[in-house]
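Q: Pasting a structure here, questions to come.
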Amino acid sequence: MKLSFLIVLVILLLKTSHAQEFSMHLAYENCYSKQLDKAIQTYNFSRPFLPNKQPLLTNGFNASSSFLFNSSVNRKQGIHISYSLFKSYVENEKLINSFNLNVLSLGYILHYEYKGKLTGWYSDCIISVKTSGLSRNVNEEKHEYNDDKTYAYGIGGDLSVKLGYYLHLKKSTYLSPFIGIAYTPYLYAPNNEAIINQTKGLTSENWTWILSPQVGLSFHLKNE
Amino acid sequence: MNRRNFIKNTTLFSIGGILIPPAILGACRKDTLFEDIEYSGKVVIIGAGAAGLYAGYILKSKGIDFTILEATSTHGGRMGKLNEFADYPIDTGAQWLHGKNNILGDLIKSKNIPKTQDQSELSYWFNNQIVDSLPKDPFIFEANNLPDISFKEYAAQQGFGSEYEGIIEAIAGDQGAAAANLSAYWNSKDEENWVSGDDDYKFENSFFEVIDKNIAQSILGNITYNCPIKSIDYSSDKIVITNLNNDLFEADKVIVTVPISILKLNEIEFIPQLPVQKTAAFEKFGMGAGMKVFLKFDAKFYEDVLYGGTICGAYVDDTVGKKTSDNILLAFVMGDQAASLSELNSDSAITNALLAELDLIYDGAASNSFISSSVHDYTSKPFIKGAYGYSTVNMGDARKVAAQPINDKLFFAGEAMNINGNHQTVHGAIESGYKAVIDILNLVKK
């Protein structure tokens, strides 16, 4: 009931905003950042008293959504919002520790639908502003590192591409498996080390780059 | 292509194109630094304080051969424990864990070590009376853009008269310094990187025991005691360390963790001499006198914390956070006040001077209920000679220069060498210890 209400609401929104397509994406996302790796590697290296090592911030999920507007027959453009969560979790006898990296992006999306032999395929190119918030939980409680500072915030830019294929479900709805990769060349996050290593300026830079491939499924509503 | 085949192909494509590369990358990504490193060289650590002990502890975890050469008959450096004075172990050296967001915070949680937040109320001896608050807030040294002048000068500039002198001394004394020597600017710059938190914690037992039981005990076999070092010759491939008995020790890498006072006074000869920039950087550090005097009374007549004495800037109830029926007052004396007391040259004279001030403050109650005292003068300890390193006027980047390795052979650690704002603390010393090992292993890896 709630879902059908949501679909109706989105269709109404598409109609009234003259948007041509609305999509929601869910994906597995892999995070690769040398600086974040180094921070966690330093954490593990410096704490031999913790027998179980903290895993790197590698695995996460991504949820994103796009509103697209027609600009030509094959091409649409619009806005894209994306949220990712990566988690590193380990249990030691008295210390259950997790680092949680939340990433939120808002950007411009260029959507291209292929024709001819490649009909059904599409690609997305997205340029976004990216913000991040790294936090730590210790024994299931939010860990504060300096009274109210529980997050290490970051800001940067991000370029991502996606390739997918439309599977027609019924009427204006489509399902699409897709693959994608996002590259953040610069994410200024000066306090990441304060959260992970509980110090600053020891071994890590105050910025990081992130490469994050993803694979997932998306649901599309088209205003046809 | 029908839908079934498409889904199959797409799935395979996805797995191949997206999941396999990260899986390969992931396999190359190690959980820890230097996971597979093998180093057959020998590391010698000079000093078994917190930095030296932790450097050894890390080296042991990596299976690297090391020896700690300690000048005295015990480990701990500026940490220590006294069992007989009270019905709880007295921390004769470092006793507060400053903040919990630091490596020791993790150690304490993982070992379930009991600790208590020190929430003692601060009172002041001001204009010959005890007050809970002051007409002007004297905590003015944490602002941005302070001038590079001393605490004392800055306080005077801000209108703090002589009636605040003892209080300003106590605030500077927290940094182990006399107010006339501590730079308002560089001290605030140092604190910009402080992320440990603002609360102080005390241990039910002692801080020394935390380090002793969890770090030192695992490497006791690697410590050579009563081994004060005379010289370090790093002119050839093998470094030769000579102690005062002319015993020789060979090493491939040396981590020097002695207090900055020892380096300032050139008490260890380096062959060849250290670069001028290095020795000039040592000179810029301050390391004031420091003394802890524990006074035992048969009743508690004093405040939890009292700032503002002219003999001792800070009197602190030592029993906070302890399971005890004793009344122990700590006279935490730093800087010029500690130097003056140290010149008295006898424990009884020092105790009497403090009792006289307490009698003045508490109308004779101190002498009436006094039982005994225990004096710990760090200035007179021959291998320490002071409290801890602080930033003086014109400090500049001296701390960074002082902490830099020399010729890929000599590495420097200890609280004063912590360049991340955590100097003057045990966790800062520990950080500098494992940082020195990281620096060594980075070279080995190359």
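Identifiers in this document derive from the order of the structure tokens: chains are assigned A, B, ..., residues are numbered from 1 separately in each chain, and ligands are numbered from 1 in order of occurrence.
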Near chain A, which residues of chain B fall within 6 Å when you count only C-alpha atoms, and what do they look like as a PyMOL selection string?
A: chain B and resi 31-33+101-102+110+195+197+420
Q: With C-alpha atoms retained, export the selected residues as a PDB file, in the first residue's frame.
A:
```
ATOM      1  CA  ASP B  31      45.044  -5.068   7.351  1.00  0.00           C
ATOM      2  CA  THR B  32      48.155  -3.733   9.016  1.00  0.00           C
ATOM      3  CA  LEU B  33      51.378  -1.911   8.189  1.00  0.00           C
ATOM      4  CA  ASN B 101      40.266   9.476  22.582  1.00  0.00           C
ATOM      5  CA  ASN B 102      43.796   8.187  22.412  1.00  0.00           C
ATOM      6  CA  SER B 110      40.123  -3.653  25.836  1.00  0.00           C
ATOM      7  CA  VAL B 195      41.860  15.472  19.825  1.00  0.00           C
ATOM      8  CA  GLY B 197      39.205  15.138  24.750  1.00  0.00           C
ATOM      9  CA  ASN B 420      50.807  15.887  17.040  1.00  0.00           C
TER      10      ASN B 420
END
```
Q: Give me every strand (DSSP E) residue in region 1-177 of chain A, going by DSSP on the backbone, as number ranges by chain.
A: A: 21-30, 59-70, 75-91, 96-113, 121-138, 141-142, 151-165, 167-168, 173-177
Q: Considering only C-alpha atoms, can you say which of B:Thr74, B:Ser61, B:Ser206, B:Asn112 comes closest to Thr92 (chain B)?
A: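 Smallest distance to Thr92 (chain B) is found for B:Ser206.
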Q: Quick one, how far is CA of Lys60 (chain B) from CA of Asp252 (chain B)?
A: 16.1 Å
Q: Enumerate as an MDAnalysis selection string all residues of region 151-347 of chain B assigned to alpha helix (DSSP H) by DSSP on the backbone, naming them with the chain letters and numbers the document uses.
A: chainID B and resid 151:157 165:173 184:192 207:214 260:264 276:284 335:342 347
Q: Go through A:Ser65, A:Ser132, A:Thr173, A:Ser71 and flag the residue nearest Ile210 (chain A), using only C-alpha atoms for the distances.
A: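 Ranked by minimum distance to Ile210 (chain A), first place goes to A:Ser132.
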Q: For CA of Glu140 (chain A) and CA of Gly60 (chain A), determine how far apart the two atoms are, in Å to one decimal place.
A: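 Computed distance, CA of Glu140 (chain A) to CA of Gly60 (chain A), equals 18.7 Å.
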